[in-house]
>>> print(open('input19.pdb').read())   # PDB, C-alpha atoms and all ligand atoms
ATOM      1  CA  MET A  13      32.825 -10.048 -29.794
ATOM      2  CA  PRO A  14      33.289  -6.449 -28.466
ATOM      3  CA  PRO A  15      33.334  -6.000 -24.669
ATOM      4  CA  ALA A  16      29.880  -5.988 -23.056
ATOM      5  CA  GLU A  17      29.851  -2.230 -22.439
ATOM      6  CA  GLU A  18      30.414  -1.461 -26.170
ATOM      7  CA  ARG A  19      27.641  -3.741 -27.416
ATOM      8  CA  PRO A  20      24.072  -2.446 -27.877
ATOM      9  CA  LEU A  21      22.043  -3.187 -24.758
ATOM     10  CA  VAL A  22      19.863  -6.265 -25.231
ATOM     11  CA  ILE A  23      17.149  -7.188 -22.743
ATOM     12  CA  ALA A  24      15.588 -10.647 -23.138
ATOM     13  CA  VAL A  25      12.094 -11.111 -21.687
ATOM     14  CA  ASP A  26      10.929 -14.729 -21.815
ATOM     15  CA  GLY A  27       8.105 -16.712 -20.292
ATOM     16  CA  PRO A  28       4.901 -18.624 -21.032
ATOM     17  CA  ALA A  29       1.742 -17.317 -22.735
ATOM     18  CA  ALA A  30       0.050 -14.368 -20.998
ATOM     19  CA  ALA A  31       2.710 -13.935 -18.299
ATOM     20  CA  GLY A  32       2.883 -10.189 -19.074
ATOM     21  CA  LYS A  33       5.924 -10.191 -21.371
ATOM     22  CA  GLY A  34       4.547  -7.746 -23.938
ATOM     23  CA  THR A  35       3.449  -5.153 -21.373
ATOM     24  CA  LEU A  36       6.792  -5.303 -19.585
ATOM     25  CA  ALA A  37       8.887  -5.325 -22.770
ATOM     26  CA  ARG A  38       7.114  -2.243 -24.174
ATOM     27  CA  ARG A  39       7.637  -0.330 -20.930
ATOM     28  CA  LEU A  40      11.297  -1.299 -20.646
ATOM     29  CA  ALA A  41      11.905  -0.260 -24.261
ATOM     30  CA  ALA A  42      10.263   3.148 -23.708
ATOM     31  CA  HIS A  43      12.113   3.709 -20.431
ATOM     32  CA  TYR A  44      15.597   2.819 -21.725
ATOM     33  CA  GLY A  45      15.156   4.233 -25.262
ATOM     34  CA  LEU A  46      15.447   0.815 -26.923
ATOM     35  CA  ARG A  47      13.524  -0.746 -29.818
ATOM     36  CA  HIS A  48      11.065  -3.542 -29.050
ATOM     37  CA  LEU A  49      10.386  -6.790 -30.894
ATOM     38  CA  ASP A  50       7.508  -9.065 -29.911
ATOM     39  CA  THR A  51       8.956 -12.252 -31.401
ATOM     40  CA  GLY A  52       5.575 -13.990 -31.112
ATOM     41  CA  LEU A  53       4.513 -11.750 -34.012
ATOM     42  CA  LEU A  54       7.138 -13.422 -36.212
ATOM     43  CA  TYR A  55       5.633 -16.857 -35.519
ATOM     44  CA  ARG A  56       2.171 -15.408 -36.086
ATOM     45  CA  ALA A  57       3.331 -13.850 -39.373
ATOM     46  CA  VAL A  58       4.611 -17.241 -40.547
ATOM     47  CA  ALA A  59       1.256 -18.773 -39.557
ATOM     48  CA  LEU A  60      -0.743 -16.107 -41.389
ATOM     49  CA  ARG A  61       1.312 -16.482 -44.577
ATOM     50  CA  LEU A  62       0.953 -20.262 -44.391
ATOM     51  CA  LEU A  63      -2.808 -20.207 -43.747
ATOM     52  CA  ARG A  64      -3.313 -17.795 -46.657
ATOM     53  CA  GLN A  65      -1.455 -20.275 -48.904
ATOM     54  CA  LYS A  66      -3.819 -22.993 -47.614
ATOM     55  CA  GLY A  67      -0.866 -24.680 -45.858
ATOM     56  CA  GLU A  68      -1.036 -26.623 -42.577
ATOM     57  CA  PRO A  69       1.091 -25.864 -39.467
ATOM     58  CA  GLY A  70       2.196 -29.533 -39.409
ATOM     59  CA  GLN A  71       4.049 -29.095 -42.732
ATOM     60  CA  ALA A  72       7.530 -28.192 -41.479
ATOM     61  CA  GLU A  73       9.098 -27.416 -44.866
ATOM     62  CA  ALA A  74       6.194 -25.291 -46.114
ATOM     63  CA  ALA A  75       6.207 -23.374 -42.813
ATOM     64  CA  ALA A  76       9.989 -22.877 -42.966
ATOM     65  CA  ALA A  77       9.676 -21.499 -46.524
ATOM     66  CA  GLN A  78       7.178 -18.919 -45.227
ATOM     67  CA  ALA A  79       9.503 -18.139 -42.297
ATOM     68  CA  ARG A  80      12.330 -17.360 -44.748
ATOM     69  CA  ALA A  81       9.999 -14.978 -46.619
ATOM     70  CA  VAL A  82       8.776 -12.919 -43.605
ATOM     71  CA  THR A  83       9.332  -9.138 -43.923
ATOM     72  CA  ASP A  84       8.764  -6.112 -41.662
ATOM     73  CA  ALA A  85       5.494  -5.409 -43.490
ATOM     74  CA  ASP A  86       4.076  -8.807 -42.416
ATOM     75  CA  LEU A  87       4.382  -7.775 -38.765
ATOM     76  CA  ALA A  88       1.880  -4.922 -39.184
ATOM     77  CA  ASP A  89      -1.071  -7.055 -40.362
ATOM     78  CA  PRO A  90      -4.040  -6.701 -37.938
ATOM     79  CA  ALA A  91      -5.048 -10.323 -38.686
ATOM     80  CA  LEU A  92      -1.989 -11.493 -36.713
ATOM     81  CA  ARG A  93      -4.062 -11.114 -33.523
ATOM     82  CA  ASP A  94      -6.718 -13.635 -34.619
ATOM     83  CA  GLU A  95      -7.056 -16.656 -32.342
ATOM     84  CA  ALA A  96      -6.723 -19.090 -35.269
ATOM     85  CA  VAL A  97      -3.440 -17.468 -36.235
ATOM     86  CA  GLY A  98      -2.115 -17.755 -32.653
ATOM     87  CA  GLU A  99      -3.106 -21.410 -32.573
ATOM     88  CA  ALA A 100      -1.335 -22.136 -35.867
ATOM     89  CA  ALA A 101       1.719 -20.123 -34.684
ATOM     90  CA  SER A 102       1.994 -22.236 -31.538
ATOM     91  CA  ALA A 103       1.739 -25.434 -33.624
ATOM     92  CA  LEU A 104       4.370 -24.471 -36.219
ATOM     93  CA  ALA A 105       6.769 -23.075 -33.591
ATOM     94  CA  VAL A 106       7.760 -26.686 -32.781
ATOM     95  CA  HIS A 107       9.617 -27.057 -36.103
ATOM     96  CA  GLY A 108      13.380 -26.553 -35.795
ATOM     97  CA  ALA A 109      13.568 -25.390 -39.437
ATOM     98  CA  VAL A 110      11.051 -22.594 -38.759
ATOM     99  CA  ARG A 111      12.900 -21.422 -35.655
ATOM    100  CA  GLU A 112      16.231 -21.527 -37.497
ATOM    101  CA  ALA A 113      14.808 -19.430 -40.362
ATOM    102  CA  LEU A 114      13.698 -16.695 -37.916
ATOM    103  CA  LEU A 115      17.018 -16.443 -36.070
ATOM    104  CA  ASP A 116      18.756 -13.963 -38.410
ATOM    105  CA  TYR A 117      15.834 -11.514 -38.301
ATOM    106  CA  GLN A 118      15.784 -11.541 -34.493
ATOM    107  CA  ARG A 119      19.555 -11.283 -34.080
ATOM    108  CA  ALA A 120      19.865  -8.459 -36.622
ATOM    109  CA  PHE A 121      17.089  -6.595 -34.777
ATOM    110  CA  ALA A 122      18.890  -7.028 -31.456
ATOM    111  CA  ALA A 123      22.270  -5.954 -32.834
ATOM    112  CA  ARG A 124      21.157  -2.593 -34.271
ATOM    113  CA  PRO A 125      22.134   0.341 -31.993
ATOM    114  CA  PRO A 126      20.989   1.497 -29.512
ATOM    115  CA  GLY A 127      19.823  -2.044 -28.676
ATOM    116  CA  ALA A 128      16.517  -3.712 -28.063
ATOM    117  CA  VAL A 129      14.098  -5.520 -25.822
ATOM    118  CA  LEU A 130      12.985  -8.823 -27.339
ATOM    119  CA  ASP A 131      10.164 -10.796 -25.794
ATOM    120  CA  GLY A 132       9.476 -14.447 -26.509
ATOM    121  CA  ARG A 133      10.178 -17.956 -25.314
ATOM    122  CA  ASP A 134      13.814 -18.602 -26.218
ATOM    123  CA  ILE A 135      15.464 -15.174 -26.378
ATOM    124  CA  GLY A 136      17.775 -15.671 -23.379
ATOM    125  CA  THR A 137      18.519 -19.320 -24.202
ATOM    126  CA  VAL A 138      18.916 -19.415 -28.003
ATOM    127  CA  VAL A 139      18.337 -16.132 -29.862
ATOM    128  CA  CYS A 140      20.481 -13.814 -27.715
ATOM    129  CA  PRO A 141      22.391 -15.983 -25.237
ATOM    130  CA  ASP A 142      24.765 -13.005 -24.711
ATOM    131  CA  ALA A 143      21.986 -10.548 -23.750
ATOM    132  CA  GLN A 144      23.206  -8.342 -20.893
ATOM    133  CA  VAL A 145      19.864  -8.696 -19.086
ATOM    134  CA  LYS A 146      17.596 -11.754 -19.046
ATOM    135  CA  ILE A 147      14.233 -11.684 -17.342
ATOM    136  CA  TYR A 148      11.941 -14.695 -17.106
ATOM    137  CA  LEU A 149       8.333 -13.962 -16.183
ATOM    138  CA  GLU A 150       6.091 -16.611 -14.720
ATOM    139  CA  ALA A 151       2.595 -16.664 -13.190
ATOM    140  CA  SER A 152       0.052 -19.283 -12.203
ATOM    141  CA  VAL A 153      -1.904 -20.758 -15.075
ATOM    142  CA  ALA A 154      -5.196 -19.507 -13.560
ATOM    143  CA  VAL A 155      -3.974 -15.901 -13.426
ATOM    144  CA  ARG A 156      -2.582 -16.091 -16.945
ATOM    145  CA  ALA A 157      -5.903 -17.427 -18.238
ATOM    146  CA  ALA A 158      -7.775 -14.603 -16.461
ATOM    147  CA  ARG A 159      -5.446 -12.007 -18.021
ATOM    148  CA  ARG A 160      -5.839 -13.516 -21.490
ATOM    149  CA  LEU A 161      -9.631 -13.483 -21.060
ATOM    150  CA  CYS A 162      -9.557  -9.766 -20.134
ATOM    151  CA  GLU A 163      -7.334  -9.000 -23.098
ATOM    152  CA  LEU A 164      -9.647 -10.880 -25.486
ATOM    153  CA  ARG A 165     -12.756  -9.162 -24.086
ATOM    154  CA  SER A 166     -11.107  -5.733 -24.358
ATOM    155  CA  ARG A 167     -10.683  -6.468 -28.065
ATOM    156  CA  GLY A 168     -14.359  -7.422 -28.310
ATOM    157  CA  VAL A 169     -13.673 -11.166 -28.617
ATOM    158  CA  GLU A 170     -16.187 -13.132 -26.523
ATOM    159  CA  SER A 171     -14.555 -16.199 -24.959
ATOM    160  CA  ILE A 172     -15.370 -18.790 -22.334
ATOM    161  CA  GLU A 173     -13.023 -18.897 -19.340
ATOM    162  CA  SER A 174     -12.651 -22.698 -19.317
ATOM    163  CA  ARG A 175     -11.732 -22.704 -23.017
ATOM    164  CA  VAL A 176      -9.090 -20.008 -22.542
ATOM    165  CA  LEU A 177      -7.634 -21.988 -19.628
ATOM    166  CA  ASP A 178      -7.439 -25.151 -21.742
ATOM    167  CA  GLU A 179      -5.766 -23.247 -24.572
ATOM    168  CA  ILE A 180      -3.136 -21.756 -22.260
ATOM    169  CA  LYS A 181      -2.399 -25.226 -20.844
ATOM    170  CA  ALA A 182      -2.050 -26.617 -24.371
ATOM    171  CA  ARG A 183       0.358 -23.763 -25.320
ATOM    172  CA  ASP A 184       2.415 -24.388 -22.162
ATOM    173  CA  ALA A 185       2.677 -28.087 -22.945
ATOM    174  CA  ARG A 186       3.686 -27.493 -26.570
ATOM    175  CA  ASP A 187       6.157 -24.710 -25.702
ATOM    176  CA  SER A 188       7.923 -26.663 -22.968
ATOM    177  CA  ARG A 189       7.923 -30.143 -24.492
ATOM    178  CA  ARG A 190       9.191 -29.345 -27.975
ATOM    179  CA  SER A 191      12.768 -30.423 -28.654
ATOM    180  CA  ALA A 192      13.654 -27.259 -30.644
ATOM    181  CA  ALA A 193      14.342 -24.367 -28.241
ATOM    182  CA  PRO A 194      11.846 -25.389 -25.531
ATOM    183  CA  LEU A 195      10.497 -22.805 -23.124
ATOM    184  CA  LYS A 196      12.738 -22.686 -20.051
ATOM    185  CA  PRO A 197      14.534 -19.981 -18.097
ATOM    186  CA  ALA A 198      18.159 -19.365 -19.079
ATOM    187  CA  ALA A 199      20.565 -20.388 -16.304
ATOM    188  CA  ASP A 200      21.467 -16.708 -15.802
ATOM    189  CA  ALA A 201      17.908 -15.304 -16.044
ATOM    190  CA  CYS A 202      16.272 -13.319 -13.216
ATOM    191  CA  ARG A 203      12.853 -14.823 -12.553
ATOM    192  CA  ILE A 204       9.862 -12.698 -11.582
ATOM    193  CA  ASP A 205       6.643 -14.375 -10.494
ATOM    194  CA  THR A 206       3.911 -11.951 -11.583
ATOM    195  CA  THR A 207       0.970 -13.938 -10.129
ATOM    196  CA  ALA A 208       0.295 -11.352  -7.411
ATOM    197  CA  LEU A 209       1.895  -8.307  -9.072
ATOM    198  CA  GLY A 210       0.387  -5.510 -11.158
ATOM    199  CA  PRO A 211       2.114  -4.099 -14.264
ATOM    200  CA  ASP A 212       3.764  -1.232 -12.300
ATOM    201  CA  GLU A 213       5.280  -3.579  -9.720
ATOM    202  CA  VAL A 214       6.588  -5.912 -12.432
ATOM    203  CA  PHE A 215       8.136  -2.943 -14.238
ATOM    204  CA  GLU A 216       9.780  -1.630 -11.050
ATOM    205  CA  ARG A 217      11.341  -5.006 -10.262
ATOM    206  CA  ALA A 218      12.549  -5.461 -13.822
ATOM    207  CA  ALA A 219      13.965  -1.922 -14.028
ATOM    208  CA  ALA A 220      15.890  -2.533 -10.793
ATOM    209  CA  ILE A 221      17.409  -5.634 -12.413
ATOM    210  CA  VAL A 222      18.364  -3.675 -15.562
ATOM    211  CA  ASP A 223      19.786  -0.736 -13.555
ATOM    212  CA  ALA A 224      21.968  -3.114 -11.566
ATOM    213  CA  ARG A 225      23.461  -4.429 -14.849
ATOM    214  CA  LEU A 226      24.086  -1.040 -16.508
ATOM    215  CA  PRO A 227      27.601   0.342 -16.258
ATOM    216  CA  SER A 228      27.675   3.125 -13.647
ATOM    217  CA  PRO A 229      27.719   6.603 -15.265
TER     218      PRO A 229
HETATM  219  O1  LIG B   1      -0.682 -16.076 -27.600
HETATM  220  P1  LIG B   1       0.674 -16.412 -27.093
HETATM  221  O2  LIG B   1       1.125 -15.589 -25.901
HETATM  222  O3  LIG B   1       0.890 -17.886 -26.883
HETATM  223  O4  LIG B   1       1.604 -16.073 -28.261
HETATM  224  P2  LIG B   1       2.612 -15.116 -28.948
HETATM  225  O5  LIG B   1       3.644 -14.594 -27.991
HETATM  226  O6  LIG B   1       1.913 -14.133 -29.808
HETATM  227  O7  LIG B   1       3.367 -16.190 -29.911
HETATM  228  C1  LIG B   1       2.642 -17.112 -30.706
HETATM  229  C2  LIG B   1       3.250 -18.505 -30.527
HETATM  230  O8  LIG B   1       4.583 -18.510 -31.058
HETATM  231  C3  LIG B   1       3.404 -18.931 -29.068
HETATM  232  O9  LIG B   1       2.280 -19.640 -28.605
HETATM  233  C4  LIG B   1       4.677 -19.769 -29.054
HETATM  234  O10 LIG B   1       4.388 -21.135 -29.187
HETATM  235  C5  LIG B   1       5.442 -19.310 -30.279
HETATM  236  N1  LIG B   1       6.656 -18.548 -29.962
HETATM  237  C6  LIG B   1       7.844 -19.234 -29.831
HETATM  238  O11 LIG B   1       7.860 -20.446 -29.939
HETATM  239  N2  LIG B   1       9.017 -18.555 -29.607
HETATM  240  C7  LIG B   1       9.018 -17.214 -29.482
HETATM  241  N3  LIG B   1      10.193 -16.583 -29.283
HETATM  242  C8  LIG B   1       7.813 -16.498 -29.553
HETATM  243  C9  LIG B   1       6.624 -17.200 -29.799
END
>>> encode(input="input19.pdb", output="structure tokens")
Amino acid sequence: MPPAEERPLVIAVDGPAAAGKGTLARRLAAHYGLRHLDTGLLYRAVALRLLRQKGEPGQAEAAAAQARAVTDADLADPALRDEAVGEAASALAVHGAVREALLDYQRAFAARPPGAVLDGRDIGTVVCPDAQVKIYLEASVAVRAARRLCELRSRGVESIESRVLDEIKARDARDSRRSAAPLKPAADACRIDTTALGPDEVFERAAAIVDARLPSP
């Protein structure tokens, strides 16, 4: 592997559902001139393909076949944001064969110059263990549920707070208990608790972490 300073810059942003990964990852990508991949969209794309074929998220081999067939075009489908698709994505993300099938896409994305910000659950631990910067966002479950509720309402989706809270808890349990690439901070990740922070403060803290890792000009 080339020395760190010659490799494209890769920033891994991991954490549980609704911790603010997408907002932070987009801002970091814009600020440092990097491309951005929301890896949750890949799992959603697999789910959407599977549901359209009348498949079930519990069918590991059928889901893995759809994972091997995912293309860039799948990631632009507006139906990816549907709640049912997110639910199926969370359920099929437990299958090792699905995760394995999505690795090449994610690694190829990260390796293309000038580099990339990838947000997900296992970027710093499994997908890009050599990422120069690893950030792990966390926040209380109540705050994450409140953020998810706001996001849903801003898209015109009416939801009940208690239901959103239960769904976030179920996602947390599934993400952290699965044996294939469970959600956990990489040993060398910088953790930011966003419970009491707004998007600007999270960005400032993360940018300070990235700046400290960049080679001095
Ligand atoms: O709605 P939520 O924030 O949970 O999801 P998302 O980021 O759009 O991703 C959909 C689902 O894919 C998540 O609930 C995770 O279970 C799974 N996922 C994963 O296992 N690994 C990733 N790198 C990204 C998402």
>>> resolve_selection(input="input19.pdb", expression="the PyMOL selection byres (((chain A and resi 68) around 12) and not hetatm)", output="PyMOL selection string")
chain A and resi 58-67+69-76+78+96-97+99-101+103-104
>>> closest_atom_pairs(input="input19.pdb", of="chain A", to="ligand LIG 1 (chain B)", cutoff="9 Å", atoms="only C-alpha atoms and all ligand atoms", output="JSON lines")
{"residue": "A:Asp26", "atom": "CA", "partner": "B:LIG1", "partner_atom": "N3", "distance": 7.7}
{"residue": "A:Pro28", "atom": "CA", "partner": "B:LIG1", "partner_atom": "O2", "distance": 6.9}
{"residue": "A:Ala29", "atom": "CA", "partner": "B:LIG1", "partner_atom": "O2", "distance": 3.7}
{"residue": "A:Ala30", "atom": "CA", "partner": "B:LIG1", "partner_atom": "O2", "distance": 5.2}
{"residue": "A:Ala31", "atom": "CA", "partner": "B:LIG1", "partner_atom": "O2", "distance": 7.9}
{"residue": "A:Gly32", "atom": "CA", "partner": "B:LIG1", "partner_atom": "O2", "distance": 8.9}
{"residue": "A:Lys33", "atom": "CA", "partner": "B:LIG1", "partner_atom": "O5", "distance": 8.3}
{"residue": "A:Gly34", "atom": "CA", "partner": "B:LIG1", "partner_atom": "O5", "distance": 8.0}
{"residue": "A:Asp50", "atom": "CA", "partner": "B:LIG1", "partner_atom": "O5", "distance": 7.0}
{"residue": "A:Thr51", "atom": "CA", "partner": "B:LIG1", "partner_atom": "C8", "distance": 4.8}
{"residue": "A:Gly52", "atom": "CA", "partner": "B:LIG1", "partner_atom": "O7", "distance": 3.3}
{"residue": "A:Leu53", "atom": "CA", "partner": "B:LIG1", "partner_atom": "O6", "distance": 5.5}
{"residue": "A:Leu54", "atom": "CA", "partner": "B:LIG1", "partner_atom": "C8", "distance": 7.4}
{"residue": "A:Tyr55", "atom": "CA", "partner": "B:LIG1", "partner_atom": "O8", "distance": 4.9}
{"residue": "A:Arg56", "atom": "CA", "partner": "B:LIG1", "partner_atom": "C1", "distance": 5.7}
{"residue": "A:Leu92", "atom": "CA", "partner": "B:LIG1", "partner_atom": "O6", "distance": 8.4}
{"residue": "A:Arg93", "atom": "CA", "partner": "B:LIG1", "partner_atom": "O6", "distance": 7.7}
{"residue": "A:Glu95", "atom": "CA", "partner": "B:LIG1", "partner_atom": "O1", "distance": 8.0}
{"residue": "A:Val97", "atom": "CA", "partner": "B:LIG1", "partner_atom": "C1", "distance": 8.2}
{"residue": "A:Gly98", "atom": "CA", "partner": "B:LIG1", "partner_atom": "C1", "distance": 5.2}
{"residue": "A:Glu99", "atom": "CA", "partner": "B:LIG1", "partner_atom": "O9", "distance": 6.9}
{"residue": "A:Ala100", "atom": "CA", "partner": "B:LIG1", "partner_atom": "C2", "distance": 7.9}
{"residue": "A:Ala101", "atom": "CA", "partner": "B:LIG1", "partner_atom": "C2", "distance": 4.7}
{"residue": "A:Ser102", "atom": "CA", "partner": "B:LIG1", "partner_atom": "O10", "distance": 3.5}
{"residue": "A:Ala103", "atom": "CA", "partner": "B:LIG1", "partner_atom": "O10", "distance": 6.7}
{"residue": "A:Leu104", "atom": "CA", "partner": "B:LIG1", "partner_atom": "O10", "distance": 7.8}
{"residue": "A:Ala105", "atom": "CA", "partner": "B:LIG1", "partner_atom": "O11", "distance": 4.6}
{"residue": "A:Val106", "atom": "CA", "partner": "B:LIG1", "partner_atom": "O11", "distance": 6.9}
{"residue": "A:Arg111", "atom": "CA", "partner": "B:LIG1", "partner_atom": "O11", "distance": 7.7}
{"residue": "A:Leu130", "atom": "CA", "partner": "B:LIG1", "partner_atom": "N3", "distance": 8.5}
{"residue": "A:Asp131", "atom": "CA", "partner": "B:LIG1", "partner_atom": "N3", "distance": 6.8}
{"residue": "A:Gly132", "atom": "CA", "partner": "B:LIG1", "partner_atom": "N3", "distance": 3.6}
{"residue": "A:Arg133", "atom": "CA", "partner": "B:LIG1", "partner_atom": "N3", "distance": 4.2}
{"residue": "A:Asp134", "atom": "CA", "partner": "B:LIG1", "partner_atom": "N3", "distance": 5.2}
{"residue": "A:Ile135", "atom": "CA", "partner": "B:LIG1", "partner_atom": "N3", "distance": 6.2}
{"residue": "A:Val139", "atom": "CA", "partner": "B:LIG1", "partner_atom": "N3", "distance": 8.2}
{"residue": "A:Arg160", "atom": "CA", "partner": "B:LIG1", "partner_atom": "O1", "distance": 8.4}
{"residue": "A:Glu179", "atom": "CA", "partner": "B:LIG1", "partner_atom": "O3", "distance": 8.9}
{"residue": "A:Ile180", "atom": "CA", "partner": "B:LIG1", "partner_atom": "O3", "distance": 7.2}
{"residue": "A:Arg183", "atom": "CA", "partner": "B:LIG1", "partner_atom": "O9", "distance": 5.6}
{"residue": "A:Asp184", "atom": "CA", "partner": "B:LIG1", "partner_atom": "O10", "distance": 8.0}
{"residue": "A:Arg186", "atom": "CA", "partner": "B:LIG1", "partner_atom": "O10", "distance": 6.9}
{"residue": "A:Asp187", "atom": "CA", "partner": "B:LIG1", "partner_atom": "O10", "distance": 5.3}
{"residue": "A:Ala192", "atom": "CA", "partner": "B:LIG1", "partner_atom": "O11", "distance": 9.0}
{"residue": "A:Ala193", "atom": "CA", "partner": "B:LIG1", "partner_atom": "O11", "distance": 7.8}
{"residue": "A:Pro194", "atom": "CA", "partner": "B:LIG1", "partner_atom": "O11", "distance": 7.7}
{"residue": "A:Leu195", "atom": "CA", "partner": "B:LIG1", "partner_atom": "O11", "distance": 7.7}
>>> resolve_selection(input="input19.pdb", expression="the PyMOL selection byres (((chain A and resi 24) around 6) and not hetatm)", output="PyMOL selection string")
chain A and resi 23+25+129-130+135-136+146
>>> atom_distance(input="input19.pdb", atom1="atom CA of A:Arg38", atom2="atom CA of A:Glu150")
17.2 Å
>>> closest_residue(input="input19.pdb", among="A:Asp116, A:Ala57, A:Ala154, A:Val138", to="A:Asp94", atoms="all atoms listed in the file")
A:Ala57
>>> residues_around(input="input19.pdb", residues="A:Ser171", least_positions_apart="2", cutoff="7 Å", atoms="only C-alpha atoms", output="PyMOL selection string")
chain A and resi 161+169+173
>>> closest_residue(input="input19.pdb", among="A:Val153, A:Ala128, A:Ala81, A:Val22", to="A:His48", atoms="all atoms listed in the file")
A:Ala128
>>> axis_aligned_box(input="input19.pdb", around="stretch 63-69 of chain A", padding_each_side="3 Å", output="AutoDock Vina command-line options")
--center_x -1.4 --center_y -22.2 --center_z -44.2 --size_x 10.9 --size_y 14.8 --size_z 15.4
>>> atom_distance(input="input19.pdb", atom1="atom CA of A:Ser152", atom2="atom CA of A:Ala208")
9.3 Å
>>> resolve_selection(input="input19.pdb", expression="the PyMOL selection byres (((chain A and resi 217) around 12) and not hetatm)", output="ChimeraX atom specification")
/A:36,40,147-149,202-206,209-216,218-224
>>> atom_distance(input="input19.pdb", atom1="atom CA of A:Gln118", atom2="atom CA of A:Ala42")
19.0 Å
>>> closest_residue(input="input19.pdb", among="A:Arg159, A:Ala151, A:Phe121, A:Gly127", to="A:Glu18", atoms="all atoms listed in the file")
A:Gly127
>>> closest_residue(input="input19.pdb", among="A:Ala85, A:Glu163, A:Ala158, A:Arg190", to="A:Arg175", atoms="all atoms listed in the file")
A:Ala158
